[in-house]
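Engineer: What follows is the file my_file04.txt, containing compact mmCIF, C-alpha atoms:
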# COMPACT_ATOMS: atom_id res chain seq x y z
CA MET V 1 121.40 55.53 101.21
CA LYS V 2 119.48 56.93 98.23
CA LYS V 3 120.31 53.82 96.21
CA LEU V 4 119.08 51.63 99.04
CA ALA V 5 115.85 53.59 99.27
CA TYR V 6 115.35 53.21 95.53
CA ALA V 7 115.89 49.46 95.75
CA LEU V 8 113.47 49.10 98.64
CA GLY V 9 111.00 51.20 96.70
CA ALA V 10 111.27 48.84 93.76
CA LEU V 11 110.67 45.88 96.05
CA LEU V 12 107.61 47.45 97.66
CA GLY V 13 106.40 48.78 94.33
CA LEU V 14 106.12 45.32 92.87
CA MET V 15 104.47 43.99 96.02
CA SER V 16 101.91 46.78 96.10
CA THR V 17 100.23 45.62 92.91
CA THR V 18 98.63 43.09 95.28
CA ALA V 19 96.39 45.73 96.80
CA GLY V 20 93.61 43.52 98.14
CA ALA V 21 93.43 42.65 101.82
CA TRP V 22 90.47 40.38 102.58
CA GLY V 23 88.86 40.05 99.16
CA ASN V 24 85.21 40.98 99.38
CA HIS V 25 84.95 42.74 102.75
CA THR V 26 81.15 42.59 102.65
CA LEU V 27 81.01 38.83 103.19
CA ALA V 28 83.02 39.12 106.39
CA ALA V 29 81.25 42.27 107.55
CA TYR V 30 77.79 40.64 107.52
CA ARG V 31 79.09 37.96 109.90
CA ALA V 32 81.07 40.34 112.11
CA LEU V 33 78.24 42.85 112.55
CA GLU V 34 75.19 40.61 112.75
CA VAL V 35 75.94 40.12 116.47
CA MET V 36 76.19 43.84 117.25
CA PRO V 37 72.88 45.04 118.72
CA GLU V 38 73.61 48.66 117.80
CA VAL V 39 73.60 47.59 114.14
CA VAL V 40 71.00 44.83 113.90
CA ASN V 41 68.50 46.64 116.14
CA ALA V 42 68.98 50.03 114.48
CA ALA V 43 65.96 51.51 112.78
CA ALA V 44 65.63 50.98 109.04
CA VAL V 45 67.06 53.89 107.06
CA THR V 46 65.80 55.71 103.99
CA VAL V 47 68.13 55.73 100.97
CA GLU V 48 69.33 59.22 100.15
CA PRO V 49 71.55 60.35 97.24
CA LEU V 50 74.89 61.86 98.19
CA GLU V 51 73.90 65.14 96.55
CA ALA V 52 70.92 65.52 98.91
CA PHE V 53 73.08 65.03 102.00
CA LEU V 54 75.71 67.49 100.76
CA LYS V 55 73.14 70.16 99.92
CA SER V 56 71.30 69.80 103.21
CA GLU V 57 74.40 69.96 105.41
CA GLU V 58 76.70 72.14 103.31
CA LYS V 59 77.73 74.53 106.09
CA THR V 60 78.32 71.83 108.70
CA ILE V 61 80.34 69.83 106.15
CA GLU V 62 82.45 72.91 105.44
CA ALA V 63 83.30 73.20 109.14
CA LEU V 64 83.92 69.47 109.54
CA LEU V 65 86.28 69.18 106.57
CA ALA V 66 88.25 72.16 107.85
CA SER V 67 88.58 70.45 111.25
CA GLN V 68 89.66 67.22 109.54
CA GLU V 69 92.49 69.08 107.84
CA ALA V 70 93.62 70.60 111.13
CA TRP V 71 93.54 67.19 112.82
CA ALA V 72 95.56 65.53 110.06
CA ALA V 73 98.21 68.25 110.14
CA ALA V 74 98.56 67.85 113.91
CA ASN V 75 98.46 64.05 114.15
CA LEU V 76 99.74 62.39 110.97
CA GLU V 77 103.45 62.13 110.32
CA HIS V 78 104.51 63.14 106.81
CA TYR V 79 101.02 64.48 106.09
CA PRO V 80 100.97 66.59 102.89
CA PRO V 81 98.73 69.61 103.54
CA ARG V 82 95.68 69.92 101.35
CA PRO V 83 96.04 72.83 98.89
CA ALA V 84 93.99 75.76 100.16
CA LYS V 85 92.05 76.02 96.92
CA LEU V 86 90.56 72.56 97.54
CA ALA V 87 88.85 73.50 100.80
CA PHE V 88 85.10 72.83 100.79
CA THR V 89 83.18 76.11 100.95
CA ALA V 90 79.41 76.32 101.25
CA ASN V 91 77.71 77.75 98.16
CA ALA V 92 73.96 77.30 97.92
CA ASP V 93 73.87 78.61 94.34
CA ARG V 94 76.01 75.93 92.71
CA SER V 95 74.71 72.79 91.01
CA ASP V 96 74.53 69.40 92.71
CA GLU V 97 77.27 68.19 90.38
CA ALA V 98 79.57 71.08 91.30
CA ARG V 99 78.94 70.52 95.02
CA ARG V 100 79.71 66.82 94.74
CA LEU V 101 82.92 67.59 92.84
CA ALA V 102 83.96 70.10 95.50
CA PHE V 103 83.36 67.44 98.17
CA ALA V 104 85.55 64.91 96.34
CA HIS V 105 88.28 67.50 95.88
CA ALA V 106 88.22 68.46 99.57
CA LEU V 107 88.52 64.81 100.65
CA ARG V 108 91.12 64.27 97.92
CA ILE V 109 89.43 61.18 96.55
CA ALA V 110 88.90 60.29 92.88
CA PRO V 111 86.23 62.69 91.57
CA ASN V 112 84.84 59.99 89.26
CA SER V 113 83.96 57.79 92.27
CA LYS V 114 80.48 56.41 91.68
CA PHE V 115 78.77 56.59 95.09
CA ALA V 116 75.95 54.68 93.40
CA LEU V 117 72.78 53.67 95.21
CA PHE V 118 73.12 49.91 95.61
CA ILE V 119 73.47 47.06 98.04
CA GLN V 120 75.47 43.87 98.04
CA PRO V 121 73.08 41.34 99.57
CA ASP V 122 74.20 38.70 102.04
CA PRO V 123 74.40 35.43 100.08
CA ARG V 124 73.55 33.53 103.28
CA THR V 125 70.10 35.11 103.55
CA ALA V 126 69.35 35.91 99.90
CA THR V 127 66.28 34.07 98.61
CA GLY V 128 66.97 34.56 94.92
CA PRO V 129 69.24 36.36 92.47
CA GLY V 130 67.16 39.56 92.50
CA PRO V 131 67.75 42.47 90.11
CA ARG V 132 71.34 43.02 89.06
CA LEU V 133 73.34 46.21 88.75
CA PRO V 134 76.32 45.98 86.39
CA SER V 135 79.66 46.44 88.10
CA GLU V 136 80.53 49.46 85.95
CA ALA V 137 77.66 51.33 87.63
CA VAL V 138 79.33 50.82 91.01
CA THR V 139 83.09 50.81 90.40
CA THR V 140 85.54 52.52 88.07
CA LEU V 141 87.79 49.46 88.20
CA PRO V 142 87.43 46.16 86.33
CA MET V 143 86.12 43.23 88.35
CA LEU V 144 87.71 39.80 88.14
CA GLY V 145 85.65 37.24 86.27
CA ASN V 146 85.21 35.14 89.42
CA ALA V 147 84.51 38.08 91.75
CA SER V 148 82.01 37.32 94.51
CA GLN V 149 80.50 40.82 94.51
CA LYS V 150 76.89 40.87 93.31
CA PHE V 151 75.24 44.28 93.17
CA GLN V 152 71.55 45.14 93.36
CA PRO V 153 70.14 48.61 92.61
CA VAL V 154 68.20 50.63 95.15
CA LYS V 155 66.62 54.04 94.71
CA ALA V 156 66.09 57.16 96.76
CA GLY V 157 63.33 56.62 99.27
CA ASP V 158 63.83 52.86 99.62
CA SER V 159 64.05 51.47 103.14
CA LEU V 160 67.09 49.37 104.07
CA SER V 161 68.47 47.78 107.20
CA ALA V 162 71.48 49.44 108.79
CA LEU V 163 73.32 46.12 108.49
CA ALA V 164 72.84 45.96 104.71
CA VAL V 165 74.02 49.57 104.29
CA VAL V 166 77.16 49.33 106.40
CA ALA V 167 78.13 45.85 105.20
CA THR V 168 77.77 46.95 101.58
CA ALA V 169 79.79 50.13 102.07
CA VAL V 170 82.62 48.25 103.77
CA ASP V 171 83.81 47.00 100.37
CA GLU V 172 83.32 50.31 98.53
CA PRO V 173 86.80 51.89 98.93
CA ASP V 174 88.09 49.16 96.61
CA TYR V 175 85.84 50.47 93.83
CA GLY V 176 88.11 53.32 92.75
CA LEU V 177 87.91 55.94 95.51
CA ASP V 178 91.69 56.04 96.02
CA ILE V 179 92.87 55.63 92.44
CA ASN V 180 95.37 57.96 90.72
CA LEU V 181 95.68 60.56 93.49
CA TRP V 182 99.37 61.36 92.91
CA ASP V 183 101.44 63.96 91.10
CA ASP V 184 102.68 61.31 88.67
CA SER V 185 99.27 59.69 88.15
CA PRO V 186 97.69 59.68 84.68
CA SER V 187 94.81 61.84 85.92
CA ASP V 188 94.00 65.52 86.12
CA TRP V 189 93.02 65.36 89.78
CA GLY V 190 96.21 63.69 90.99
CA LYS V 191 98.26 66.65 89.87
CA MET V 192 96.19 69.07 91.98
CA TYR V 193 95.81 67.06 95.19
CA GLY V 194 99.25 67.69 96.69
CA PHE V 195 100.04 64.15 97.84
CA GLY V 196 103.34 64.19 95.94
CA THR V 197 104.55 61.37 93.75
CA LEU V 198 103.45 57.80 94.37
CA PRO V 199 105.70 56.65 97.26
CA PHE V 200 105.88 53.08 95.96
CA GLY V 201 104.36 51.12 93.11
CA ASN V 202 103.79 51.77 89.45
CA PRO V 203 101.79 54.96 88.76
CA VAL V 204 100.27 53.51 85.59
CA LEU V 205 98.81 50.44 87.35
CA PRO V 206 95.51 51.53 88.95
CA TYR V 207 95.43 49.13 91.90
CA SER V 208 99.01 50.02 92.73
CA THR V 209 98.08 53.68 93.14
CA GLN V 210 95.56 52.94 95.90
CA ALA V 211 98.00 50.89 97.97
CA PRO V 212 99.40 53.77 100.11
CA PHE V 213 95.85 54.44 101.36
CA HIS V 214 95.12 50.77 102.12
CA MET V 215 98.46 49.76 103.64
CA GLY V 216 100.21 51.20 106.68
CA PHE V 217 103.81 50.29 107.49
CA MET V 218 103.72 51.90 110.93
CA HIS V 219 105.82 49.45 112.93
CA GLU V 220 108.97 48.75 110.93
CA SER V 221 112.50 49.03 112.26
CA LYS V 222 114.25 52.38 112.54
CA VAL V 223 116.84 51.07 110.10
CA LEU V 224 114.22 50.61 107.40
CA TYR V 225 112.69 54.03 108.05
CA THR V 226 116.15 55.61 107.79
CA ALA V 227 116.89 53.78 104.55
CA ALA V 228 113.44 54.33 103.06
CA PRO V 229 111.53 57.22 104.67
CA PHE V 230 108.82 56.88 102.01
CA LEU V 231 107.53 53.90 104.01
CA LYS V 232 105.87 56.45 106.30
CA ARG V 233 103.94 58.01 103.42
CA THR V 234 100.85 55.86 103.84
CA PHE V 235 97.44 57.31 104.67
CA PRO V 236 94.86 54.80 105.94
CA GLN V 237 94.60 56.80 109.19
CA LEU V 238 93.54 59.83 107.16
CA ARG V 239 90.73 57.94 105.48
CA VAL V 240 89.47 56.40 108.73
CA TYR V 241 89.31 59.82 110.38
CA GLN V 242 87.65 61.48 107.38
CA TYR V 243 84.90 58.90 106.96
CA SER V 244 84.30 58.23 110.66
CA THR V 245 83.79 61.91 111.43
CA LEU V 246 81.56 62.28 108.38
CA ALA V 247 79.54 59.33 109.68
CA SER V 248 79.12 60.98 113.06
CA LEU V 249 78.04 64.24 111.44
CA ALA V 250 75.50 62.44 109.26
CA PHE V 251 74.02 60.66 112.28
CA ARG V 252 73.84 63.87 114.32
CA THR V 253 72.13 65.81 111.54
CA GLY V 254 69.43 63.28 110.70
CA HIS V 255 70.95 61.43 107.73
CA PRO V 256 71.26 57.86 109.05
CA TYR V 257 71.69 56.32 105.60
CA TRP V 258 74.91 58.28 105.12
CA GLY V 259 75.80 57.74 108.76
CA TRP V 260 75.92 53.99 108.16
CA ARG V 261 77.44 54.30 104.70
CA PHE V 262 80.31 56.52 105.84
CA THR V 263 80.77 54.14 108.76
CA GLY V 264 81.26 51.30 106.28
CA LEU V 265 83.78 53.32 104.30
CA ALA V 266 85.81 53.97 107.46
CA LEU V 267 85.70 50.30 108.46
CA HIS V 268 87.28 49.23 105.18
CA TYR V 269 90.64 50.75 106.10
CA VAL V 270 90.46 49.39 109.65
CA GLU V 271 89.86 45.91 108.27
CA ASP V 272 92.62 46.26 105.69
CA LEU V 273 95.10 46.89 108.49
CA THR V 274 94.08 43.69 110.30
CA GLN V 275 95.71 41.86 107.37
CA PRO V 276 99.42 41.33 108.18
CA TYR V 277 100.42 41.82 104.54
CA HIS V 278 98.96 45.33 104.75
CA ALA V 279 100.58 46.24 108.05
CA SER V 280 104.12 45.02 107.41
CA LEU V 281 106.52 45.48 104.53
CA ALA V 282 107.59 41.84 104.35
CA PRO V 283 105.87 39.51 106.84
CA GLY V 284 108.21 36.71 107.83
CA ASP V 285 111.35 38.36 106.45
CA SER V 286 113.80 40.13 108.72
CA THR V 287 115.15 43.63 108.20
CA LEU V 288 118.58 42.09 107.63
CA LYS V 289 117.22 39.89 104.85
CA LEU V 290 115.50 42.84 103.20
CA LEU V 291 118.66 44.91 103.28
CA ALA V 292 120.77 42.01 102.03
CA ALA V 293 118.41 41.33 99.11
CA ASN V 294 118.46 44.96 98.09
CA ALA V 295 122.22 45.27 98.50
CA MET V 296 122.68 42.33 96.16
CA ALA V 297 120.22 43.84 93.68
CA MET V 298 122.17 47.10 93.73
CA ALA V 299 125.30 45.11 92.98
CA GLY V 300 123.63 43.60 89.93
CA PHE V 301 122.38 40.35 91.47
CA ALA V 302 118.62 40.83 91.65
CA GLY V 303 117.61 37.18 91.97
CA MET V 304 117.12 37.19 95.75
CA LYS V 305 115.06 40.37 95.68
CA ASN V 306 112.93 39.18 92.77
CA ASP V 307 112.26 35.88 94.49
CA MET V 308 111.20 37.70 97.67
CA VAL V 309 108.77 39.86 95.71
CA VAL V 310 107.09 36.87 94.09
CA LEU V 311 106.85 34.85 97.29
CA LEU V 312 105.44 37.75 99.31
CA SER V 313 102.86 38.42 96.61
CA ASN V 314 101.94 34.75 96.29
CA ARG V 315 101.48 34.30 100.04
CA HIS V 316 99.42 37.47 100.30
CA LEU V 317 97.14 36.31 97.49
CA ALA V 318 96.91 32.76 98.81
CA LEU V 319 95.80 33.95 102.25
CA GLU V 320 93.21 36.28 100.74
CA LYS V 321 91.86 33.68 98.33
CA TYR V 322 91.61 30.92 100.91
CA GLN V 323 89.74 33.15 103.37
CA SER V 324 87.43 34.45 100.62
CA GLU V 325 86.59 30.95 99.39
CA LEU V 326 85.83 29.72 102.90
CA LEU V 327 83.45 32.60 103.59
CA LEU V 328 81.68 32.45 100.24
CA ASN V 329 81.29 28.68 100.40
CA SER V 330 79.76 28.78 103.86
CA ALA V 331 77.44 31.65 102.91
CA LEU V 332 76.17 29.94 99.77
CA ALA V 333 75.70 26.66 101.63
CA LYS V 334 74.03 28.55 104.50
CA GLN V 335 76.31 26.73 106.90
CA ASP V 336 77.96 27.97 110.07
CA THR V 337 81.68 27.22 110.12
CA PRO V 338 84.50 28.07 112.54
CA ILE V 339 85.47 31.01 110.37
CA ASP V 340 81.95 32.47 110.56
CA GLN V 341 81.94 31.94 114.31
CA ALA V 342 85.32 33.67 114.59
CA LEU V 343 83.97 36.79 112.92
CA ARG V 344 81.06 36.88 115.38
CA HIS V 345 83.24 36.13 118.41
CA ALA V 346 82.83 39.29 120.47
CA ASP V 347 84.48 38.19 123.72
CA LYS V 348 87.74 39.93 122.78
CA ASP V 349 86.14 43.28 121.93
CA SER V 350 86.48 44.65 125.45
CA SER V 351 90.10 43.50 125.76
CA TYR V 352 91.12 46.39 123.52
CA PRO V 353 91.14 50.07 124.44
CA GLU V 354 88.05 52.08 123.70
CA TRP V 355 88.15 53.48 120.16
CA TYR V 356 90.20 56.67 119.79
CA ASP V 357 91.71 58.65 116.91
CA LEU V 358 94.98 56.69 116.69
CA TYR V 359 93.51 53.25 117.46
CA LEU V 360 94.29 52.18 113.88
CA ARG V 361 98.01 52.79 114.33
CA ASN V 362 98.51 51.84 117.94
CA VAL V 363 96.21 48.82 118.20
CA VAL V 364 95.21 47.42 114.80
CA ALA V 365 98.41 47.84 112.80
CA ALA V 366 100.67 46.95 115.72
CA GLN V 367 98.77 43.72 116.30
CA ALA V 368 98.74 42.72 112.63
CA ALA V 369 102.44 43.42 112.15
CA GLY V 370 103.18 41.06 115.03
CA TYR V 371 101.69 38.12 113.11
CA GLY V 372 104.24 38.27 110.27
CA SER V 373 106.58 35.37 111.06
CA ARG V 374 103.87 33.05 112.34
CA LEU V 375 101.67 33.69 109.30
CA ALA V 376 104.45 33.14 106.78
CA GLN V 377 105.52 29.91 108.49
CA THR V 378 101.95 28.63 108.63
CA LEU V 379 101.29 29.36 104.95
CA VAL V 380 104.50 27.61 103.91
CA ALA V 381 103.65 24.58 106.04
CA SER V 382 99.99 24.34 105.01
CA VAL V 383 99.58 25.47 101.39
CA PRO V 384 100.99 23.40 98.50
CA ALA V 385 104.59 24.48 97.96
CA GLY V 386 104.01 25.32 94.31
CA PHE V 387 101.70 28.17 95.34
CA VAL V 388 103.67 29.80 98.17
CA SER V 389 107.26 28.56 98.06
CA ASP V 390 108.14 28.54 94.35
CA PRO V 391 109.34 31.92 93.03
CA ALA V 392 108.91 30.64 89.48
CA PHE V 393 105.13 30.52 89.98
CA ASP V 394 103.00 33.68 89.74
CA PHE V 395 99.85 33.15 91.79
CA GLY V 396 98.25 36.34 90.50
CA THR V 397 98.23 35.27 86.88
CA GLN V 398 96.75 31.88 87.76
CA GLU V 399 94.36 32.90 90.52
CA ASP V 400 91.15 32.43 88.50
CA LYS V 401 92.04 28.76 87.98
CA ILE V 402 93.02 27.96 91.57
CA MET V 403 90.53 26.61 94.12
CA LEU V 404 92.50 26.65 97.35
CA VAL V 405 89.87 25.01 99.53
CA LYS V 406 89.87 22.06 97.14
CA GLU V 407 93.66 22.03 96.95
CA LEU V 408 94.01 21.98 100.73
CA ALA V 409 91.48 19.17 101.09
CA THR V 410 94.37 16.78 100.45
CA ALA V 411 96.80 18.55 102.77
CA GLN V 412 97.94 17.07 106.06
CA PRO V 413 95.04 17.54 108.51
CA GLU V 414 97.33 19.00 111.18
CA ALA V 415 98.80 21.55 108.78
CA ARG V 416 95.42 22.66 107.49
CA ALA V 417 94.08 22.85 111.05
CA ARG V 418 96.88 25.26 111.96
CA LEU V 419 96.07 27.44 108.96
CA ASP V 420 92.35 27.40 109.70
CA ALA V 421 93.02 28.34 113.32
CA LEU V 422 95.24 31.25 112.31
CA VAL V 423 92.77 32.55 109.71
CA ALA V 424 90.04 32.34 112.35
CA GLU V 425 92.23 34.26 114.80
CA LEU V 426 92.91 37.00 112.26
CA LEU V 427 89.21 37.29 111.46
CA THR V 428 88.36 37.45 115.15
CA ASN V 429 90.55 40.56 115.19
CA PHE V 430 88.78 41.79 112.05
CA GLY V 431 85.42 41.49 113.79
CA SER V 432 86.49 43.00 117.10
CA HIS V 433 88.13 46.06 115.56
CA SER V 434 85.19 46.60 113.22
CA ARG V 435 82.73 46.58 116.11
CA ASN V 436 84.94 48.78 118.27
CA ALA V 437 85.21 51.33 115.45
CA ILE V 438 81.42 51.40 115.14
CA SER V 439 81.08 51.88 118.89
CA GLY V 440 83.44 54.85 118.67
CA ILE V 441 81.53 56.41 115.77
CA LEU V 442 78.19 55.98 117.49
CA LYS V 443 79.54 57.43 120.72
CA ALA V 444 80.80 60.48 118.84
CA SER V 445 77.35 60.74 117.27
CA ASN V 446 75.60 60.72 120.68
CA ARG V 447 73.65 57.65 119.59
Represent the structure from my file as structure tokens, please.
Structural biologist:
Amino acid sequence: MKKLAYALGALLGLMSTTAGAWGNHTLAAYRALEVMPEVVNAAAVTVEPLEAFLKSEEKTIEALLASQEAWAAANLEHYPPRPAKLAFTANADRSDEARRLAFAHALRIAPNSKFALFIQPDPRTATGPGPRLPSEAVTTLPMLGNASQKFQPVKAGDSLSALAVVATAVDEPDYGLDINLWDDSPSDWGKMYGFGTLPFGNPVLPYSTQAPFHMGFMHESKVLYTAAPFLKRTFPQLRVYQYSTLASLAFRTGHPYWGWRFTGLALHYVEDLTQPYHASLAPGDSTLKLLAANAMAMAGFAGMKNDMVVLLSNRHLALEKYQSELLLNSALAKQDTPIDQALRHADKDSSYPEWYDLYLRNVVAAQAAGYGSRLAQTLVASVPAGFVSDPAFDFGTQEDKIMLVKELATAQPEARARLDALVAELLTNFGSHSRNAISGILKASNR
């Protein structure tokens, strides 16, 4: 059984280097939230540095972070308790820098996280390029050369719309907040956080180390959990609870900028789990196939397993790239397409339960995991075979050169229509769950 767990870990480890879910979340968030009256009609907020919020609410933050720890211990399976020395304790005499570091340590996020003052404007409504903020001022991770993120600086005291704040923050957890948090990470903080060793992935590859916080394999078979219990060591639920309760506290205590910004941070993990490749170990592949591939690899015949890894990664990347291109193209052209309409489609919002603490697990992840077979079949039938059906091709190394919207322009109309319909359906879920999470946060804030 230990050998099988190791083999499954190797499989998942290679897959987890594909840590993205929906590319630039901000593009989708603007469309999903621009139909939510609670967001678009909210009063403009005044930009406030993180240090000011922490200093003003130090005692209430101390109590909240203690309650977060108690909640996680009671509700999250395989939760590693936070070391007692990392608890956030109010201390009015310390410096702003020391207080911010203590906050990062208590949340167990990367202490070099930027939390810069910036926005990512909506390309659909932008009237010009505006001032630019270099990516290194916002993220600790390198940006791809063709990245759609464009950052603009703001300063304390500026007035911003709630929509711009929350839609900008939705993408922020991909800027290094969850990097190198493990015992075997090449960082000082990972060794003190108590999360244990990286459950899957390569500890020296930065994006791989964030994967257990952005993926949640919560609905696999009992056989897989028995063979590989590390599959349960994923923590998106922790992040959603931490940031959503911080958002509610910020709203209640008169810090609406951080109320909306923490709301955006929480939404990121909700939206990640609407992506089937983040909610299932191997969408489209059965448990039997997974076990067979790993059994053969253990016997010295790794070809089947290696092919599965490449194909899963390629399909994940192809879905993300196609969706990202569609959204960016429509935003730049200032056109309304079916995918934009899907994100705004709010009729399904009320078909889900009202937001509650385990909504991410019981509603979002369960729904996304159920799309696995249909999504894999649709990608194989719609996307050129060289991109999603050839294990000799590595989509990740060629991604900058691939324009999937252009490639699919020559595909069979019926096949592309099925893919477009499925992407729209997934993004309808993205929008509904994002809005429902905001409703829950605002309700908890008495707003």
Engineer: Might you pull out every residue within 10 Å of range 122-137 of chain V, with all atoms listed in the file counted and same-chain residues fewer than 3 positions away left off, and present them as number ranges by chain?
Structural biologist: V: 26-31, 114-119, 140-143, 148-154, 163-164, 167-168, 175, 327-336
Engineer: Pick out the closest residue to Ala42 in chain V from this set: V:Ile179, V:Ala147, V:Leu288, V:Leu160. Count all atoms listed in the file.
Structural biologist: V:Leu160
Engineer: Nearest residue to Gly431 in chain V out of V:Lys348, V:Val383, V:Ser248, V:Ala52, using all atoms listed in the file?
Structural biologist: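 Between V:Lys348, V:Val383, V:Ser248, V:Ala52, the residue approaching Gly431 in chain V most closely is V:Lys348.
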Engineer: Distance CA of Lys289 in chain V-CA of Glu220 in chain V, one decimal place?
Structural biologist: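 It comes out at 13.5 Å.
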Engineer: Compare V:Ala110, V:Ala21, V:Ala162, V:Leu281 by their minimum atom-to-atom distance to Ser187 in chain V, counting all atoms listed in the file, and give me the closest one.
Structural biologist: V:Ala110
Engineer: List every protein, DNA or RNA residue with an atom no more than 6 Å from (93.3, 52.4, 91.2) in the file's coordinates, counting all atoms listed in the file, and format the result as a list of chain:residue names.
Structural biologist: V:Gly176, V:Ile179, V:Asn180, V:Pro206, V:Tyr207, V:Thr209, V:Gln210
Engineer: Determine the nearest neighbour of Glu34 in chain V from the options V:Val166, V:Leu198, V:Ala365, V:Ile61, counting all atoms listed in the file.
Structural biologist: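 Closest residue, counting all atoms listed in the file: V:Val166.
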Engineer: Name the closest residue to Pro199 in chain V among the candidates V:Met215, V:Met298, V:Leu291, V:Val310; distances are taken between atoms, counting only C-alpha atoms.
Structural biologist: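 Of V:Met215, V:Met298, V:Leu291, V:Val310, the one nearest Pro199 in chain V, counting only C-alpha atoms, is V:Met215.
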Engineer: State, in Å with one decimal place, the distance from CA of Leu312 in chain V to CA of Ala279 in chain V.
Structural biologist: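 Separation between CA of Leu312 in chain V and CA of Ala279 in chain V: 13.1 Å.
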Engineer: Looking at only C-alpha atoms, which of V:Leu379, V:Ile441, V:Ala106, V:Ala411 is the one that sits closest to Val423 in chain V?
Structural biologist: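 Distance minimum relative to Val423 in chain V lands on V:Leu379.
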Engineer: Name the residues in contact with Val165 in chain V at a cut-off of 10 Å, using all atoms listed in the file, excluding same-chain residues fewer than 5 positions from it; report them as a PyMOL selection string.
Structural biologist: chain V and resi 44-45+47+118-121+160+170+256-264
Engineer: Residues at most 12 Å from Leu181 in chain V, counting only C-alpha atoms, excluding those fewer than 2 positions away in the same chain, as a PDB file with C-alpha atoms, keeping the file's coordinate frame?
Structural biologist:
ATOM      1  CA  ALA V 104      85.550  64.910  96.340  1.00  0.00           C
ATOM      2  CA  HIS V 105      88.280  67.500  95.880  1.00  0.00           C
ATOM      3  CA  LEU V 107      88.520  64.810 100.650  1.00  0.00           C
ATOM      4  CA  ARG V 108      91.120  64.270  97.920  1.00  0.00           C
ATOM      5  CA  ILE V 109      89.430  61.180  96.550  1.00  0.00           C
ATOM      6  CA  ALA V 110      88.900  60.290  92.880  1.00  0.00           C
ATOM      7  CA  PRO V 111      86.230  62.690  91.570  1.00  0.00           C
ATOM      8  CA  ASN V 112      84.840  59.990  89.260  1.00  0.00           C
ATOM      9  CA  GLY V 176      88.110  53.320  92.750  1.00  0.00           C
ATOM     10  CA  LEU V 177      87.910  55.940  95.510  1.00  0.00           C
ATOM     11  CA  ASP V 178      91.690  56.040  96.020  1.00  0.00           C
ATOM     12  CA  ILE V 179      92.870  55.630  92.440  1.00  0.00           C
ATOM     13  CA  ASP V 183     101.440  63.960  91.100  1.00  0.00           C
ATOM     14  CA  ASP V 184     102.680  61.310  88.670  1.00  0.00           C
ATOM     15  CA  SER V 185      99.270  59.690  88.150  1.00  0.00           C
ATOM     16  CA  PRO V 186      97.690  59.680  84.680  1.00  0.00           C
ATOM     17  CA  SER V 187      94.810  61.840  85.920  1.00  0.00           C
ATOM     18  CA  ASP V 188      94.000  65.520  86.120  1.00  0.00           C
ATOM     19  CA  TRP V 189      93.020  65.360  89.780  1.00  0.00           C
ATOM     20  CA  GLY V 190      96.210  63.690  90.990  1.00  0.00           C
ATOM     21  CA  LYS V 191      98.260  66.650  89.870  1.00  0.00           C
ATOM     22  CA  MET V 192      96.190  69.070  91.980  1.00  0.00           C
ATOM     23  CA  TYR V 193      95.810  67.060  95.190  1.00  0.00           C
ATOM     24  CA  GLY V 194      99.250  67.690  96.690  1.00  0.00           C
ATOM     25  CA  PHE V 195     100.040  64.150  97.840  1.00  0.00           C
ATOM     26  CA  GLY V 196     103.340  64.190  95.940  1.00  0.00           C
ATOM     27  CA  THR V 197     104.550  61.370  93.750  1.00  0.00           C
ATOM     28  CA  LEU V 198     103.450  57.800  94.370  1.00  0.00           C
ATOM     29  CA  PRO V 199     105.700  56.650  97.260  1.00  0.00           C
ATOM     30  CA  PRO V 203     101.790  54.960  88.760  1.00  0.00           C
ATOM     31  CA  VAL V 204     100.270  53.510  85.590  1.00  0.00           C
ATOM     32  CA  PRO V 206      95.510  51.530  88.950  1.00  0.00           C
ATOM     33  CA  TYR V 207      95.430  49.130  91.900  1.00  0.00           C
ATOM     34  CA  SER V 208      99.010  50.020  92.730  1.00  0.00           C
ATOM     35  CA  THR V 209      98.080  53.680  93.140  1.00  0.00           C
ATOM     36  CA  GLN V 210      95.560  52.940  95.900  1.00  0.00           C
ATOM     37  CA  ALA V 211      98.000  50.890  97.970  1.00  0.00           C
ATOM     38  CA  PRO V 212      99.400  53.770 100.110  1.00  0.00           C
ATOM     39  CA  PHE V 213      95.850  54.440 101.360  1.00  0.00           C
ATOM     40  CA  PHE V 235      97.440  57.310 104.670  1.00  0.00           C
TER      41      PHE V 235
END
Engineer: Could you work out how far CA of Gln341 in chain V lies from CA of Pro413 in chain V, giving the answer in Å with one decimal?
Structural biologist: 20.3 Å
